[in-house]
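Source file: coords39.pdb (PDB, C-alpha atoms and all ligand atoms)
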```
ATOM      1  CA  MET A 826      61.840   3.272   2.620  1.00  0.00           C
ATOM      2  CA  ASN A 827      62.996   0.864   5.351  1.00  0.00           C
ATOM      3  CA  ILE A 828      61.765  -2.684   5.794  1.00  0.00           C
ATOM      4  CA  LEU A 829      59.524  -1.849   8.769  1.00  0.00           C
ATOM      5  CA  THR A 830      57.609   0.733   6.779  1.00  0.00           C
ATOM      6  CA  ILE A 831      57.061  -1.773   3.979  1.00  0.00           C
ATOM      7  CA  ILE A 832      55.817  -4.445   6.414  1.00  0.00           C
ATOM      8  CA  LEU A 833      53.494  -1.909   8.021  1.00  0.00           C
ATOM      9  CA  ALA A 834      52.121  -0.824   4.642  1.00  0.00           C
ATOM     10  CA  VAL A 835      51.554  -4.426   3.506  1.00  0.00           C
ATOM     11  CA  THR A 836      49.838  -5.368   6.794  1.00  0.00           C
ATOM     12  CA  LEU A 837      47.605  -2.326   6.559  1.00  0.00           C
ATOM     13  CA  CYS A 838      46.712  -3.229   2.991  1.00  0.00           C
ATOM     14  CA  PHE A 839      45.705  -6.784   3.889  1.00  0.00           C
ATOM     15  CA  GLY A 840      43.834  -5.502   6.893  1.00  0.00           C
ATOM     16  CA  LEU A 841      41.746  -3.175   4.754  1.00  0.00           C
ATOM     17  CA  LEU A 842      41.122  -5.848   2.141  1.00  0.00           C
ATOM     18  CA  SER A 843      39.874  -8.367   4.687  1.00  0.00           C
ATOM     19  CA  CYS A 844      37.657  -5.739   6.310  1.00  0.00           C
ATOM     20  CA  ASP A 845      36.141  -5.059   2.918  1.00  0.00           C
ATOM     21  CA  ARG A 846      35.569  -8.734   2.335  1.00  0.00           C
ATOM     22  CA  ASN A 847      33.872  -9.122   5.719  1.00  0.00           C
ATOM     23  CA  ALA A 848      31.587  -6.244   4.924  1.00  0.00           C
ATOM     24  CA  ASP A 849      30.765  -7.803   1.543  1.00  0.00           C
ATOM     25  CA  LEU A 850      30.001 -11.169   3.107  1.00  0.00           C
ATOM     26  CA  GLN A 851      27.786  -9.624   5.735  1.00  0.00           C
ATOM     27  CA  HIS A 852      26.013  -7.657   3.052  1.00  0.00           C
ATOM     28  CA  SER A 853      25.310 -10.611   0.770  1.00  0.00           C
ATOM     29  CA  GLY A 854      24.256 -12.766   3.733  1.00  0.00           C
ATOM     30  CA  ASN A 855      21.486 -10.302   4.538  1.00  0.00           C
ATOM     31  CA  SER A 856      20.801  -9.083   1.048  1.00  0.00           C
ATOM     32  CA  MET A 857      17.213 -10.339   0.874  1.00  0.00           C
ATOM     33  CA  GLU A 858      16.361  -8.663   4.132  1.00  0.00           C
ATOM     34  CA  ASN A 859      18.234  -5.486   3.230  1.00  0.00           C
ATOM     35  CA  THR A 860      16.386  -5.219  -0.083  1.00  0.00           C
ATOM     36  CA  HIS A 861      13.059  -5.541   1.716  1.00  0.00           C
ATOM     37  CA  ALA A 862      14.052  -3.171   4.513  1.00  0.00           C
ATOM     38  CA  ALA A 863      14.959  -0.489   1.984  1.00  0.00           C
ATOM     39  CA  MET A 864      11.893  -1.118  -0.142  1.00  0.00           C
ATOM     40  CA  PRO A 865       9.577   1.834  -0.783  1.00  0.00           C
ATOM     41  CA  MET A 866       6.074   1.559   0.625  1.00  0.00           C
ATOM     42  CA  GLN A 867       4.290   2.028  -2.735  1.00  0.00           C
ATOM     43  CA  PRO A 868       4.239  -1.602  -3.962  1.00  0.00           C
ATOM     44  CA  LEU A 869       2.618  -2.743  -0.707  1.00  0.00           C
ATOM     45  CA  THR A 870       0.216   0.202  -0.743  1.00  0.00           C
ATOM     46  CA  MET A 871      -0.737  -0.695  -4.323  1.00  0.00           C
ATOM     47  CA  LEU A 872      -1.585  -4.265  -3.272  1.00  0.00           C
ATOM     48  CA  LEU A 873      -3.756  -2.816  -0.548  1.00  0.00           C
ATOM     49  CA  GLU A 874      -5.433  -0.430  -2.982  1.00  0.00           C
ATOM     50  CA  HIS A 875      -6.089  -3.222  -5.451  1.00  0.00           C
ATOM     51  CA  GLY A 876      -7.522  -5.376  -2.674  1.00  0.00           C
ATOM     52  CA  ILE A 877      -9.920  -2.550  -1.745  1.00  0.00           C
ATOM     53  CA  SER A 878     -10.964  -2.097  -5.364  1.00  0.00           C
ATOM     54  CA  MET A 879     -11.731  -5.840  -5.543  1.00  0.00           C
ATOM     55  CA  MET A 880     -13.711  -5.665  -2.285  1.00  0.00           C
ATOM     56  CA  ALA A 881     -15.925  -2.939  -3.712  1.00  0.00           C
ATOM     57  CA  GLN A 882     -16.671  -4.999  -6.820  1.00  0.00           C
ATOM     58  CA  GLY A 883     -17.038  -8.227  -4.848  1.00  0.00           C
ATOM     59  CA  ALA A 884     -19.552  -6.671  -2.436  1.00  0.00           C
ATOM     60  CA  GLU A 885     -21.580  -5.322  -5.349  1.00  0.00           C
ATOM     61  CA  LEU A 886     -21.647  -8.715  -7.099  1.00  0.00           C
ATOM     62  CA  LYS A 887     -22.599 -10.405  -3.839  1.00  0.00           C
ATOM     63  CA  LEU A 888     -25.607  -8.074  -3.459  1.00  0.00           C
ATOM     64  CA  GLN A 889     -26.596  -8.912  -7.034  1.00  0.00           C
ATOM     65  CA  GLY A 890     -26.597 -12.602  -6.125  1.00  0.00           C
ATOM     66  CA  SER A 891     -23.481 -13.618  -8.047  1.00  0.00           C
ATOM     67  CA  PRO A 892     -21.363 -16.324  -6.383  1.00  0.00           C
ATOM     68  CA  HIS A 893     -18.329 -14.583  -7.857  1.00  0.00           C
ATOM     69  CA  GLY A 894     -18.870 -11.864  -5.232  1.00  0.00           C
ATOM     70  CA  ASP A 895     -17.775 -14.176  -2.424  1.00  0.00           C
ATOM     71  CA  VAL A 896     -14.813 -15.364  -4.504  1.00  0.00           C
ATOM     72  CA  MET A 897     -13.635 -11.784  -4.993  1.00  0.00           C
ATOM     73  CA  LEU A 898     -14.067 -10.959  -1.308  1.00  0.00           C
ATOM     74  CA  ALA A 899     -11.979 -13.997  -0.344  1.00  0.00           C
ATOM     75  CA  GLN A 900      -9.303 -13.016  -2.877  1.00  0.00           C
ATOM     76  CA  SER A 901      -9.180  -9.484  -1.546  1.00  0.00           C
ATOM     77  CA  ALA A 902      -8.716 -10.847   1.992  1.00  0.00           C
ATOM     78  CA  ASP A 903      -5.676 -12.809   0.707  1.00  0.00           C
ATOM     79  CA  MET A 904      -4.334  -9.690  -0.962  1.00  0.00           C
ATOM     80  CA  LEU A 905      -4.706  -7.532   2.161  1.00  0.00           C
ATOM     81  CA  ARG A 906      -2.963 -10.194   4.239  1.00  0.00           C
ATOM     82  CA  ARG A 907      -0.148 -10.479   1.695  1.00  0.00           C
ATOM     83  CA  ALA A 908       0.444  -6.731   1.885  1.00  0.00           C
ATOM     84  CA  MET A 909       0.064  -6.266   5.623  1.00  0.00           C
ATOM     85  CA  SER A 910       1.808  -9.333   7.034  1.00  0.00           C
ATOM     86  CA  GLY A 911       4.079 -10.640   4.280  1.00  0.00           C
ATOM     87  CA  SER A 912       7.869 -11.033   4.560  1.00  0.00           C
ATOM     88  CA  GLU A 913       8.433  -7.549   3.088  1.00  0.00           C
ATOM     89  CA  MET A 914       6.414  -5.855   5.811  1.00  0.00           C
ATOM     90  CA  THR A 915       8.214  -7.850   8.513  1.00  0.00           C
ATOM     91  CA  ALA A 916      11.603  -6.889   7.063  1.00  0.00           C
ATOM     92  CA  MET A 917      10.631  -3.215   6.833  1.00  0.00           C
ATOM     93  CA  HIS A 918       9.701  -3.215  10.516  1.00  0.00           C
ATOM     94  CA  LYS A 919      12.961  -4.980  11.439  1.00  0.00           C
ATOM     95  CA  GLY A 920      14.786  -2.414   9.314  1.00  0.00           C
ATOM     96  CA  GLY A 921      13.383   0.452  11.381  1.00  0.00           C
ATOM     97  CA  GLN A 922      10.588   1.723   9.124  1.00  0.00           C
ATOM     98  CA  GLY A 923       7.882   0.794  11.628  1.00  0.00           C
ATOM     99  CA  GLN A 924       7.461   4.312  12.995  1.00  0.00           C
ATOM    100  CA  SER A 925       7.432   6.214   9.704  1.00  0.00           C
ATOM    101  CA  PRO A 926       4.268   8.226   8.897  1.00  0.00           C
ATOM    102  CA  ALA A 927       3.863   6.212   5.671  1.00  0.00           C
ATOM    103  CA  MET A 928       3.923   2.944   7.646  1.00  0.00           C
ATOM    104  CA  GLN A 929       1.421   4.215  10.197  1.00  0.00           C
ATOM    105  CA  HIS A 930      -0.877   5.373   7.431  1.00  0.00           C
ATOM    106  CA  THR A 931      -0.598   2.003   5.665  1.00  0.00           C
ATOM    107  CA  HIS A 932      -1.572   0.187   8.869  1.00  0.00           C
ATOM    108  CA  ASP A 933      -4.520   2.541   9.477  1.00  0.00           C
ATOM    109  CA  LEU A 934      -5.703   1.845   5.926  1.00  0.00           C
ATOM    110  CA  GLY A 935      -5.168  -1.904   6.295  1.00  0.00           C
ATOM    111  CA  ALA A 936      -7.120  -2.027   9.572  1.00  0.00           C
ATOM    112  CA  ALA A 937     -10.023   0.013   8.158  1.00  0.00           C
ATOM    113  CA  ALA A 938     -10.092  -2.186   5.036  1.00  0.00           C
ATOM    114  CA  PHE A 939     -10.262  -5.382   7.129  1.00  0.00           C
ATOM    115  CA  ASP A 940     -13.164  -3.917   9.170  1.00  0.00           C
ATOM    116  CA  LEU A 941     -15.076  -3.138   5.981  1.00  0.00           C
ATOM    117  CA  LEU A 942     -14.260  -6.516   4.452  1.00  0.00           C
ATOM    118  CA  ASP A 943     -15.797  -8.237   7.501  1.00  0.00           C
ATOM    119  CA  MET A 944     -19.029  -6.318   6.948  1.00  0.00           C
ATOM    120  CA  MET A 945     -19.003  -7.050   3.225  1.00  0.00           C
ATOM    121  CA  MET A 946     -18.600 -10.781   3.802  1.00  0.00           C
ATOM    122  CA  SER A 947     -21.815 -10.841   5.803  1.00  0.00           C
ATOM    123  CA  LEU A 948     -23.880  -8.761   3.339  1.00  0.00           C
ATOM    124  CA  GLN A 949     -27.233 -10.261   2.402  1.00  0.00           C
ATOM    125  CA  MET A 950     -29.019  -9.783  -0.908  1.00  0.00           C
ATOM    126  CA  ASP A 951     -32.385  -9.133   0.697  1.00  0.00           C
ATOM    127  CA  LYS A 952     -30.976  -6.606   3.190  1.00  0.00           C
ATOM    128  CA  PRO A 953     -28.642  -4.300   1.237  1.00  0.00           C
ATOM    129  CA  PRO A 954     -27.243  -1.313   3.174  1.00  0.00           C
ATOM    130  CA  LYS A 955     -28.571   2.127   2.187  1.00  0.00           C
ATOM    131  CA  ASN A 956     -26.986   3.494  -1.023  1.00  0.00           C
ATOM    132  CA  ALA A 957     -24.802   0.390  -1.298  1.00  0.00           C
ATOM    133  CA  ASP A 958     -24.328   0.536  -5.075  1.00  0.00           C
ATOM    134  CA  ILE A 959     -23.221   4.162  -5.192  1.00  0.00           C
ATOM    135  CA  LEU A 960     -20.942   3.636  -2.167  1.00  0.00           C
ATOM    136  CA  HIS A 961     -19.269   0.623  -3.780  1.00  0.00           C
ATOM    137  CA  HIS A 962     -18.780   2.575  -6.983  1.00  0.00           C
ATOM    138  CA  ALA A 963     -17.276   5.521  -5.074  1.00  0.00           C
ATOM    139  CA  LEU A 964     -14.986   3.215  -3.065  1.00  0.00           C
ATOM    140  CA  ASN A 965     -13.719   1.553  -6.233  1.00  0.00           C
ATOM    141  CA  MET A 966     -12.993   4.975  -7.774  1.00  0.00           C
ATOM    142  CA  ALA A 967     -11.153   6.165  -4.670  1.00  0.00           C
ATOM    143  CA  ALA A 968      -9.014   2.994  -4.678  1.00  0.00           C
ATOM    144  CA  GLN A 969      -8.197   3.242  -8.377  1.00  0.00           C
ATOM    145  CA  GLY A 970      -7.363   6.925  -8.000  1.00  0.00           C
ATOM    146  CA  ALA A 971      -5.046   6.065  -5.103  1.00  0.00           C
ATOM    147  CA  SER A 972      -3.368   3.402  -7.250  1.00  0.00           C
ATOM    148  CA  LEU A 973      -2.683   5.877 -10.045  1.00  0.00           C
ATOM    149  CA  LYS A 974      -1.152   8.254  -7.509  1.00  0.00           C
ATOM    150  CA  SER A 975       1.009   5.466  -6.028  1.00  0.00           C
ATOM    151  CA  LEU A 976       2.213   4.468  -9.490  1.00  0.00           C
ATOM    152  CA  ALA A 977       3.025   8.085 -10.337  1.00  0.00           C
ATOM    153  CA  ILE A 978       5.074   8.486  -7.145  1.00  0.00           C
ATOM    154  CA  MET A 979       7.236   5.535  -8.187  1.00  0.00           C
ATOM    155  CA  GLY A 980       8.545   7.900 -10.859  1.00  0.00           C
ATOM    156  CA  MET A 981       8.937   5.691 -13.906  1.00  0.00           C
ATOM    157  CA  SER A 982       7.494   7.816 -16.693  1.00  0.00           C
ATOM    158  CA  HIS A 983       8.015  11.570 -16.137  1.00  0.00           C
ATOM    159  CA  ASP A 984       5.202  13.465 -17.937  1.00  0.00           C
ATOM    160  CA  ILE A 985       2.819  10.524 -17.620  1.00  0.00           C
ATOM    161  CA  ASP A 986       3.476  10.536 -13.849  1.00  0.00           C
ATOM    162  CA  VAL A 987       2.084  14.055 -13.588  1.00  0.00           C
ATOM    163  CA  PHE A 988      -0.928  13.117 -15.729  1.00  0.00           C
ATOM    164  CA  MET A 989      -1.595   9.968 -13.667  1.00  0.00           C
ATOM    165  CA  GLN A 990      -1.330  11.858 -10.401  1.00  0.00           C
ATOM    166  CA  GLN A 991      -3.728  14.557 -11.584  1.00  0.00           C
ATOM    167  CA  HIS A 992      -6.233  12.027 -12.866  1.00  0.00           C
ATOM    168  CA  GLY A 993      -5.933  10.016  -9.655  1.00  0.00           C
ATOM    169  CA  MET A 994      -6.720  13.103  -7.589  1.00  0.00           C
ATOM    170  CA  GLN A 995      -9.644  13.979  -9.867  1.00  0.00           C
ATOM    171  CA  MET A 996     -11.108  10.462  -9.496  1.00  0.00           C
ATOM    172  CA  GLN A 997     -10.820  10.724  -5.746  1.00  0.00           C
ATOM    173  CA  GLN A 998     -12.522  14.126  -5.601  1.00  0.00           C
ATOM    174  CA  GLU A 999     -15.381  12.785  -7.715  1.00  0.00           C
ATOM    175  CA  SER A1000     -15.608   9.695  -5.527  1.00  0.00           C
ATOM    176  CA  LEU A1001     -15.948  11.866  -2.422  1.00  0.00           C
ATOM    177  CA  ALA A1002     -18.704  13.913  -4.096  1.00  0.00           C
ATOM    178  CA  LEU A1003     -20.531  10.695  -5.086  1.00  0.00           C
ATOM    179  CA  SER A1004     -20.296   9.244  -1.591  1.00  0.00           C
ATOM    180  CA  LYS A1005     -22.095  12.230  -0.041  1.00  0.00           C
ATOM    181  CA  THR A1006     -25.497  10.650  -0.309  1.00  0.00           C
ATOM    182  CA  GLY A1007     -27.425  13.331   1.574  1.00  0.00           C
ATOM    183  CA  THR A1008     -28.653  10.935   4.235  1.00  0.00           C
ATOM    184  CA  ALA A1009     -27.225  10.410   7.711  1.00  0.00           C
ATOM    185  CA  PRO A1010     -24.537   7.713   7.347  1.00  0.00           C
ATOM    186  CA  ASP A1011     -25.326   4.305   8.866  1.00  0.00           C
ATOM    187  CA  VAL A1012     -22.512   2.054  10.142  1.00  0.00           C
ATOM    188  CA  TYR A1013     -21.852   0.584   6.683  1.00  0.00           C
ATOM    189  CA  GLN A1014     -21.571   3.992   5.009  1.00  0.00           C
ATOM    190  CA  ALA A1015     -19.395   5.335   7.830  1.00  0.00           C
ATOM    191  CA  THR A1016     -17.014   2.372   7.424  1.00  0.00           C
ATOM    192  CA  VAL A1017     -16.810   2.870   3.647  1.00  0.00           C
ATOM    193  CA  LEU A1018     -16.182   6.598   4.177  1.00  0.00           C
ATOM    194  CA  LYS A1019     -13.381   5.885   6.635  1.00  0.00           C
ATOM    195  CA  VAL A1020     -11.550   3.708   4.088  1.00  0.00           C
ATOM    196  CA  MET A1021     -12.122   6.321   1.374  1.00  0.00           C
ATOM    197  CA  GLY A1022     -10.784   9.095   3.603  1.00  0.00           C
ATOM    198  CA  LEU A1023      -7.565   7.122   4.191  1.00  0.00           C
ATOM    199  CA  LEU A1024      -7.226   6.326   0.472  1.00  0.00           C
ATOM    200  CA  VAL A1025      -7.501  10.018  -0.393  1.00  0.00           C
ATOM    201  CA  SER A1026      -5.130  11.305   2.305  1.00  0.00           C
ATOM    202  CA  ASP A1027      -2.059   9.225   1.505  1.00  0.00           C
ATOM    203  CA  ALA A1028       1.043  10.106   3.501  1.00  0.00           C
ATOM    204  CA  SER A1029       3.406  10.212   0.523  1.00  0.00           C
ATOM    205  CA  GLU A1030       5.295  13.279  -0.667  1.00  0.00           C
ATOM    206  CA  PRO A1031       3.728  15.404  -3.415  1.00  0.00           C
ATOM    207  CA  LEU A1032       5.117  14.446  -6.823  1.00  0.00           C
ATOM    208  CA  GLN A1033       6.982  17.704  -7.536  1.00  0.00           C
ATOM    209  CA  HIS A1034       9.319  17.035  -4.599  1.00  0.00           C
ATOM    210  CA  MET A1035      10.282  13.638  -5.947  1.00  0.00           C
ATOM    211  CA  HIS A1036      12.223  14.814  -9.030  1.00  0.00           C
TER     212      HIS A1036
HETATM  213 CU    CU B   1       4.079  -2.209   8.601  1.00  0.00          CU
END
```

What does the file become when written as structure tokens?
Ligand SMILES: [Cu+2]
Amino acid sequence: MNILTIILAVTLCFGLLSCDRNADLQHSGNSMENTHAAMPMQPLTMLLEHGISMMAQGAELKLQGSPHGDVMLAQSADMLRRAMSGSEMTAMHKGGQGQSPAMQHTHDLGAAAFDLLDMMMSLQMDKPPKNADILHHALNMAAQGASLKSLAIMGMSHDIDVFMQQHGMQMQQESLALSKTGTAPDVYQATVLKVMGLLVSDASEPLQHMH
């Protein structure tokens, strides 16, 4: 091996090493953003689902005259905002996930939930909407069912995942049956039904494709 070949080999080696180091530095510099950009949608969806469950209970308490109703409605507003416009959501959009079907579905659900929350905040004890108690109960069930399904999709517990997903779907079917009140829906009922419809039709893959 002549001296030129050795010099070439050594230069090449250093070149590769420094490239690697640059890549590493770039990676660690952005690591927070990268982690968020690659984050699955489920944790944010679960915040949203929990916020909706709290709204349903808060609205019911408010109609019963409990001051804790307003507290819960305010807390659910914070939770919806945390999910929909927190740093994770911003990073996911910057990372190119803004156009995914899951993202679009999450924003549809978030928007519908905010619309309903507005109506709930102005509920009055002496003027409850038609069938309010059954609708709140059904909404809470649909949200909890959605949460079980989201947890199952995260794939942490194998057989229990399947059980949770099945129970989540069962809760949602029962919630839909409960919410059919047999009367023509007024604006309040239609808004609740819209949120429930979005909770039931999540855009995630069926569980059997995840393993
Ligand atoms: Cu988004």

Give me the residues near Ser972 of chain A as a VMD selection string, where near means some atom within 12 Å (using only C-alpha atoms) and where sequence neighbours in that chain fewer than 5 positions away do not count.
chain A and resid 867 to 878 965 to 967 977 to 979 986 989 to 994 996 to 997 1024 to 1025 1027

Hey, can you spit out that residue selection with C-alpha atoms as a PDB file, keeping the file's coordinate frame?
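Just written: out.pdb:
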```
ATOM      1  CA  GLN A 867       4.290   2.028  -2.735  1.00  0.00           C
ATOM      2  CA  PRO A 868       4.239  -1.602  -3.962  1.00  0.00           C
ATOM      3  CA  LEU A 869       2.618  -2.743  -0.707  1.00  0.00           C
ATOM      4  CA  THR A 870       0.216   0.202  -0.743  1.00  0.00           C
ATOM      5  CA  MET A 871      -0.737  -0.695  -4.323  1.00  0.00           C
ATOM      6  CA  LEU A 872      -1.585  -4.265  -3.272  1.00  0.00           C
ATOM      7  CA  LEU A 873      -3.756  -2.816  -0.548  1.00  0.00           C
ATOM      8  CA  GLU A 874      -5.433  -0.430  -2.982  1.00  0.00           C
ATOM      9  CA  HIS A 875      -6.089  -3.222  -5.451  1.00  0.00           C
ATOM     10  CA  GLY A 876      -7.522  -5.376  -2.674  1.00  0.00           C
ATOM     11  CA  ILE A 877      -9.920  -2.550  -1.745  1.00  0.00           C
ATOM     12  CA  SER A 878     -10.964  -2.097  -5.364  1.00  0.00           C
ATOM     13  CA  ASN A 965     -13.719   1.553  -6.233  1.00  0.00           C
ATOM     14  CA  MET A 966     -12.993   4.975  -7.774  1.00  0.00           C
ATOM     15  CA  ALA A 967     -11.153   6.165  -4.670  1.00  0.00           C
ATOM     16  CA  ALA A 977       3.025   8.085 -10.337  1.00  0.00           C
ATOM     17  CA  ILE A 978       5.074   8.486  -7.145  1.00  0.00           C
ATOM     18  CA  MET A 979       7.236   5.535  -8.187  1.00  0.00           C
ATOM     19  CA  ASP A 986       3.476  10.536 -13.849  1.00  0.00           C
ATOM     20  CA  MET A 989      -1.595   9.968 -13.667  1.00  0.00           C
ATOM     21  CA  GLN A 990      -1.330  11.858 -10.401  1.00  0.00           C
ATOM     22  CA  GLN A 991      -3.728  14.557 -11.584  1.00  0.00           C
ATOM     23  CA  HIS A 992      -6.233  12.027 -12.866  1.00  0.00           C
ATOM     24  CA  GLY A 993      -5.933  10.016  -9.655  1.00  0.00           C
ATOM     25  CA  MET A 994      -6.720  13.103  -7.589  1.00  0.00           C
ATOM     26  CA  MET A 996     -11.108  10.462  -9.496  1.00  0.00           C
ATOM     27  CA  GLN A 997     -10.820  10.724  -5.746  1.00  0.00           C
ATOM     28  CA  LEU A1024      -7.226   6.326   0.472  1.00  0.00           C
ATOM     29  CA  VAL A1025      -7.501  10.018  -0.393  1.00  0.00           C
ATOM     30  CA  ASP A1027      -2.059   9.225   1.505  1.00  0.00           C
TER      31      ASP A1027
END
```

Given the choices A:Ile985, A:Ala884, A:Met917, A:Leu905, which gets closest to ligand CU 1 (chain B) if the distance is worked out from all atoms listed in the file?
A:Met917

Write as a list in words the residues around ligand CU 1 (chain B), taking 10 Å as the cut-off and counting all atoms listed in the file.
Met866, Leu869, Ala908, Met909, Ser910, Gly911, Glu913, Met914, Thr915, Ala916, Met917, His918, Lys919, Gln922, Gly923, Gln924, Ser925, Ala927, Met928, Gln929, His930, Thr931, His932, Asp933 and Gly935 of chain A

Find the smallest box with edges along x, y and z containing every listed atom of segment 902-920 of chain A, then add 5 Å on each side and report centre and edge lengths in Å to one decimal, as lines of an AutoDock Vina configuration file.
```
center_x = 3.0
center_y = -7.6
center_z = 5.2
size_x = 33.5
size_y = 20.4
size_z = 22.4
```

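Evaluated on this file, the PyMOL selection byres (((chain A and resi 892-896) around 12) and not hetatm) matches A:Met879, A:Met880, A:Ala881, A:Gln882, A:Gly883, A:Ala884, A:Glu885, A:Leu886, A:Lys887, A:Leu888, A:Gln889, A:Gly890, A:Ser891, A:Met897, A:Leu898, A:Ala899, A:Gln900, A:Ser901, A:Ala902, A:Asp903, A:Leu942, A:Asp943, A:Met945, A:Met946, A:Ser947, A:Leu948, A:Gln949, A:Met950.
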
Distance atom CA of Ile959 of chain A-atom CA of Arg906 of chain A, one decimal place?
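Atom-to-atom, atom CA of Ile959 of chain A to atom CA of Arg906 of chain A, that is 26.6 Å.
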
Separation of atom CA of Ser975 of chain A from atom CA of Asp940 of chain A, in Å and rounded to one decimal
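Going from atom CA of Ser975 of chain A over to atom CA of Asp940 of chain A covers 22.8 Å.
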
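Once the PyMOL selection byres (((chain A and resi 1016) around 9) and not hetatm) is applied to this file, the selection holds Ala937, Ala938, Asp940, Leu941, Met944, Asp1011, Val1012, Tyr1013, Gln1014, Ala1015, Val1017, Leu1018, Lys1019, Val1020 and Met1021 of chain A.
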